[in-house]
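Working notes for the structure below.
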Amino acid sequence: MSAIETDVLVLGGGPAGAWAAVSAAARGARVVLVDKGRCGASGPTAAGVGILWNLPPGPAREEAVRQAFEQGGELGDPDWTHRVLEEAHRRVDQLARWGQRFPAELGGARVRLDGASYLRRLRRRLREAGVCVLDQHPALQLLVDRDGVVAGATGLRQHFHSWTVHAGAVVVATGGCAFLSGGAGTEGNTGDGLLLAAEAGAHLSGMEFSSAYGLAPVSVAPAHPLPSEKLYDGSGAVLSDDSAAFAEIGQGRRVYAALDDLPTHTRSWLARSGAVDPAGRVPLRPVLGGTVGGAGGLMLTTPECATTVAGLYAAGAAATREPIIGAASAFGGPGGSWAIASGVWAGAGAARFALDRGIPASPRPVPGAGLSTRARIDPRAVVGLVQEHMLPLRRSYWRSAGSLRDSIAELDAMWPGAQFDLGGSGADRLAARQAAALLAVARWTKYSALARTESRGMHLRTDHPEAAAAWRARLASGGLDRVWVHADAAPPGAPVAVVPAAAARVPLGRRLDGWAREESVELDPGVRRSSGQETVLAGARADGAEPAEIAGFRRSPGQESAAVAGFRRSAGQESALAGSSEAEAVASDEPAEPTTAVAS
């Protein structure tokens, strides 16, 4: 099959991908959208009910922004939250003009919509906008030009033949990673987009906030989390919140929802499904949402949702949602609204980039894990190991240095085999790639959780049960053979105090400021060897401060501070804090910042 040429390629056909494609087409770009399943009929939104924020300007919106900032452990950015609320409000009105029905208001601040009809309407808009939609076309690798700028992608299509699209820019909207936990519509959310982006050099952020669990009926598959306001223990006593429910489950006891507390349509569905016990209760079990319901994803560097790799944009659950939810969950409105807003912005940014750049000639595929021509490892073994270390509450909901180091040791030991011995052709190739992605995401998650030695939002450390002021910073992560984690800039919601980014290796490629080079500042890392592989978690500290010592990390004397990729609102404008000169000017009043921890 000859390569298709287009201005913008969108990977993923959920709400974020659809909005990105419509937005790019509206700016005059030719757009191709590829979906792992069928655009408009797959993914978590298609399997359930969508909830969107819908707040007009005014005191209610201001209060919502304040609450989101507090509930997110003060890691969010109120400016981004304002932008998302404004965009979502505008697009809810647009959906109403398109004929979308909103059957129920949720307290005036949110609207509910049927996910399947919402996606069908978006697919019709794609067709009307002239977007070329290719179903059953999972992406396996990104393409880059000779400068390392993203220039398309390649993957598999029906009957497992290959496809290639050359593009001026790519939007990753492949969703998050639910680790095949059984959640409704999440069977395709295996982290593929995060892996292919990281292989091209993209950084991630907030991966420690990946422990979002829902409570679903025990006897129903796939698992649909219940919107119950009250939860009960076996004696009928009301549990204070979800954390109390998880504590009960952790002790081997049952947790229930009362049928009478649920909406009428939900009661009927549960009765038909046989999920109600003789006492009129619904036994519940925890289901991991991973980054689908959490905050972690690809790091964003501009208001148009550009990643750290030129030509690559991210939207929806593939992008970090820390700017709006911080350390909190994306369930209940933030996730759906972020999908719309980030999709619109990423599509516009990708179109602008592509139309200025053009379509590069002869791009090359980025080498990737799990793409061996011959399979020597069964991908089910990799998936089983990942699930063993990700799905149980004792592994992902309650965390400690001991359990995290144990998980890291086993996951790291599997990586060399997954990288070189997973593969095959046809369906085996896709399964191998998905297994490699699950393993990569699990490792970024565990390393980030080990590095954050506090409890904040959904990240609960039993050995560090309190939030620490010095840890009010976001953690960036990345790397494959050598996983790294470092403290990035403090969020802009409070007085500005920049925590300089650690000097992580930047791959060859055209930087966002237009020049190309390779930059590497060597740290004095903590290194552990596993199966012949070196894994590094790199620490950071402010220039001029005394060396911070957390879990054995020290900064080498005389080391320069790295460029900080963070956002600060100045005179109503979004401006990037880039370069050590500005970082140093701000860092004079900064507190001692956190560094990372090492698995030893």
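So you can find residues: chains in the structure tokens are A, B, ... in the order shown, residues in each start at 1, and ligands are numbered from 1 in order.
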Note to self: Need the shell around region 116-125 of chain A: protein/DNA/RNA residues with any atom at most 9 Å away, counting only C-alpha atoms. Skip same-chain ones fewer than 2 positions apart. Format as a PyMOL selection string?
What the structure shows: chain A and resi 13-15+18-19+22+39-42+45-50+95+98-101+113-114+127-131+133
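Neighbouring residues of Ala432 (chain A) at 6 Å or closer, counting only C-alpha atoms and skipping chain neighbours under 6 positions away, are Gly370, Pro379, Leu422 and Gly423 of chain A.
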Can you write out the residues you just picked, keeping N, CA, C and O atoms, as a compact mmCIF listing (two decimals), in the first residue's frame?
```txt
# COMPACT_ATOMS: atom_id res chain seq x y z
N GLY A 370 8.89 -4.46 21.01
CA GLY A 370 7.84 -5.41 20.65
C GLY A 370 7.60 -5.54 19.17
O GLY A 370 6.52 -5.99 18.75
N PRO A 379 3.21 -12.71 24.54
CA PRO A 379 2.81 -11.43 25.15
C PRO A 379 1.92 -11.60 26.37
O PRO A 379 1.87 -10.70 27.23
N LEU A 422 9.58 -9.74 21.92
CA LEU A 422 8.17 -9.67 21.56
C LEU A 422 8.07 -9.30 20.08
O LEU A 422 8.84 -8.47 19.59
N GLY A 423 7.11 -9.86 19.40
CA GLY A 423 6.95 -9.51 17.99
C GLY A 423 6.12 -10.54 17.26
O GLY A 423 5.24 -11.19 17.82
```
Next item on the list: Could you please write out, as a ChimeraX atom specification, every residue of region 104-170 of chain A that DSSP assigns to helix (DSSP H, G or I)?
Entry: /A:115-128,158-160
Write a file of the selected residues as a compact mmCIF listing (two decimals), in the first residue's frame, keeping N, CA and C atoms.
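Saved result, part02.txt, follows:
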```
# COMPACT_ATOMS: atom_id res chain seq x y z
N GLY A 115 -23.14 8.50 25.63
CA GLY A 115 -21.84 8.44 24.97
C GLY A 115 -21.91 7.96 23.54
N ALA A 116 -22.72 6.94 23.27
CA ALA A 116 -22.78 6.38 21.92
C ALA A 116 -23.36 7.38 20.92
N SER A 117 -24.44 8.08 21.30
CA SER A 117 -25.03 9.04 20.38
C SER A 117 -24.10 10.25 20.17
N TYR A 118 -23.39 10.63 21.21
CA TYR A 118 -22.42 11.72 21.13
C TYR A 118 -21.34 11.40 20.10
N LEU A 119 -20.81 10.17 20.17
CA LEU A 119 -19.75 9.78 19.24
C LEU A 119 -20.28 9.62 17.82
N ARG A 120 -21.50 9.13 17.67
CA ARG A 120 -22.08 9.04 16.31
C ARG A 120 -22.22 10.42 15.69
N ARG A 121 -22.61 11.38 16.51
CA ARG A 121 -22.75 12.75 16.00
C ARG A 121 -21.39 13.32 15.61
N LEU A 122 -20.37 13.05 16.41
CA LEU A 122 -19.03 13.52 16.06
C LEU A 122 -18.53 12.87 14.78
N ARG A 123 -18.84 11.60 14.57
CA ARG A 123 -18.41 10.94 13.33
C ARG A 123 -19.08 11.59 12.12
N ARG A 124 -20.34 11.96 12.27
CA ARG A 124 -21.00 12.65 11.14
C ARG A 124 -20.32 13.99 10.87
N ARG A 125 -19.92 14.69 11.93
CA ARG A 125 -19.24 15.97 11.74
C ARG A 125 -17.89 15.76 11.05
N LEU A 126 -17.22 14.67 11.35
CA LEU A 126 -15.96 14.37 10.67
C LEU A 126 -16.18 14.21 9.17
N ARG A 127 -17.20 13.48 8.83
CA ARG A 127 -17.50 13.28 7.41
C ARG A 127 -17.84 14.60 6.73
N GLU A 128 -18.63 15.42 7.40
CA GLU A 128 -19.01 16.71 6.82
C GLU A 128 -17.81 17.65 6.68
N GLN A 158 -6.91 -3.67 8.32
CA GLN A 158 -7.67 -4.91 8.24
C GLN A 158 -6.87 -5.99 7.52
N HIS A 159 -7.02 -7.22 8.00
CA HIS A 159 -6.27 -8.37 7.50
C HIS A 159 -4.77 -8.20 7.78
N PHE A 160 -4.44 -7.23 8.64
CA PHE A 160 -3.08 -7.04 9.16
C PHE A 160 -2.06 -6.71 8.08
```
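The space between CA of Arg456 (chain A) and CA of Val218 (chain A) spans 28.9 Å.
With only C-alpha atoms taken into account, the protein and nucleic acid residues at most 7 Å from Thr164 (chain A) (excluding it and anything under 5 positions from it in its own chain) are Ala3, Ile4, Ala153, Thr154 and Gly155 of chain A.
Between Ala258 (chain A) and the candidates A:Thr320, A:Ser228, A:Ser2, A:Ser235, the tightest atom-to-atom separation, counting only C-alpha atoms, involves A:Ser228.
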Margin query: as a ChimeraX atom specification, please: the residues near Val309 (chain A) (cut-off 6 Å, only C-alpha atoms, same-chain neighbours under 2 positions excluded).
Written below: /A:202,307,312
Notebook entry, point to check: Any idea what's packed within 8 Å of Trp338 (chain A), counting only C-alpha atoms, ignoring anything in its chain fewer than 4 positions away? Could you give it as a VMD selection string?
Noted result: chain A and resid 84 88 316 321 334 342 to 343
Residue contacts of Leu156 (chain A) (7 Å, only C-alpha atoms) excluding same-chain residues fewer than 3 positions away, as a JSON list (two decimals) with all heavy atoms, in the first residue's frame:
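Resulting contents of around30.json:
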```json
[["chain", "number", "residue", "atom", "x", "y", "z"],
["A", 137, "HIS", "N", -7.38, 0.62, 12.15],
["A", 137, "HIS", "CA", -6.04, 0.99, 11.71],
["A", 137, "HIS", "C", -5.18, 1.36, 12.93],
["A", 137, "HIS", "O", -4.83, 2.53, 13.12],
["A", 137, "HIS", "CB", -6.08, 2.18, 10.74],
["A", 137, "HIS", "CG", -6.36, 1.83, 9.33],
["A", 137, "HIS", "ND1", -7.52, 1.19, 8.94],
["A", 137, "HIS", "CD2", -5.64, 2.03, 8.18],
["A", 137, "HIS", "CE1", -7.51, 1.03, 7.63],
["A", 137, "HIS", "NE2", -6.37, 1.51, 7.15],
["A", 138, "PRO", "N", -4.82, 0.40, 13.78],
["A", 138, "PRO", "CA", -3.96, 0.75, 14.93],
["A", 138, "PRO", "C", -2.60, 1.24, 14.48],
["A", 138, "PRO", "O", -2.00, 0.69, 13.55],
["A", 138, "PRO", "CB", -3.85, -0.57, 15.70],
["A", 138, "PRO", "CG", -4.14, -1.63, 14.68],
["A", 138, "PRO", "CD", -5.13, -1.04, 13.73],
["A", 139, "ALA", "N", -2.11, 2.28, 15.14],
["A", 139, "ALA", "CA", -0.78, 2.82, 14.85],
["A", 139, "ALA", "C", 0.26, 2.08, 15.69],
["A", 139, "ALA", "O", 0.04, 1.81, 16.87],
["A", 139, "ALA", "CB", -0.73, 4.31, 15.16],
["A", 160, "PHE", "N", -4.44, -7.23, 8.64],
["A", 160, "PHE", "CA", -3.08, -7.04, 9.16],
["A", 160, "PHE", "C", -2.06, -6.71, 8.08],
["A", 160, "PHE", "O", -0.90, -7.08, 8.18],
["A", 160, "PHE", "CB", -2.67, -8.27, 9.97],
["A", 160, "PHE", "CG", -3.59, -8.52, 11.12],
["A", 160, "PHE", "CD1", -4.52, -9.55, 11.08],
["A", 160, "PHE", "CD2", -3.58, -7.70, 12.24],
["A", 160, "PHE", "CE1", -5.40, -9.76, 12.13],
["A", 160, "PHE", "CE2", -4.45, -7.91, 13.30],
["A", 160, "PHE", "CZ", -5.36, -8.95, 13.24],
["A", 161, "HIS", "N", -2.50, -6.01, 7.05],
["A", 161, "HIS", "CA", -1.57, -5.39, 6.13],
["A", 161, "HIS", "C", -1.10, -4.07, 6.73],
["A", 161, "HIS", "O", -1.74, -3.51, 7.62],
["A", 161, "HIS", "CB", -2.23, -5.16, 4.76],
["A", 161, "HIS", "CG", -2.69, -6.42, 4.10],
["A", 161, "HIS", "ND1", -1.83, -7.42, 3.72],
["A", 161, "HIS", "CD2", -3.93, -6.84, 3.75],
["A", 161, "HIS", "CE1", -2.50, -8.40, 3.16],
["A", 161, "HIS", "NE2", -3.79, -8.08, 3.17],
["A", 162, "SER", "N", 0.01, -3.55, 6.26],
["A", 162, "SER", "CA", 0.55, -2.32, 6.83],
["A", 162, "SER", "C", -0.04, -1.09, 6.15],
["A", 162, "SER", "O", -0.53, -1.16, 5.02],
["A", 162, "SER", "CB", 2.07, -2.30, 6.71],
["A", 162, "SER", "OG", 2.46, -2.30, 5.35],
["A", 163, "TRP", "N", -0.02, 0.02, 6.87],
["A", 163, "TRP", "CA", -0.39, 1.32, 6.30],
["A", 163, "TRP", "C", 0.66, 2.34, 6.72],
["A", 163, "TRP", "O", 1.33, 2.19, 7.74],
["A", 163, "TRP", "CB", -1.78, 1.77, 6.75],
["A", 163, "TRP", "CG", -1.97, 1.93, 8.24],
["A", 163, "TRP", "CD1", -2.51, 1.02, 9.10],
["A", 163, "TRP", "CD2", -1.62, 3.07, 9.04],
["A", 163, "TRP", "NE1", -2.52, 1.51, 10.39],
["A", 163, "TRP", "CE2", -1.99, 2.77, 10.38],
["A", 163, "TRP", "CE3", -1.04, 4.31, 8.78],
["A", 163, "TRP", "CZ2", -1.79, 3.66, 11.43],
["A", 163, "TRP", "CZ3", -0.84, 5.19, 9.83],
["A", 163, "TRP", "CH2", -1.21, 4.87, 11.13]]
```
Next item on the list: Write down as an NGL selection string the residues of region 368-501 of chain A whose backbone DSSP state falls under strand (DSSP E).
Entry: :A and (398-399 or 460-461 or 475-478 or 484-487)
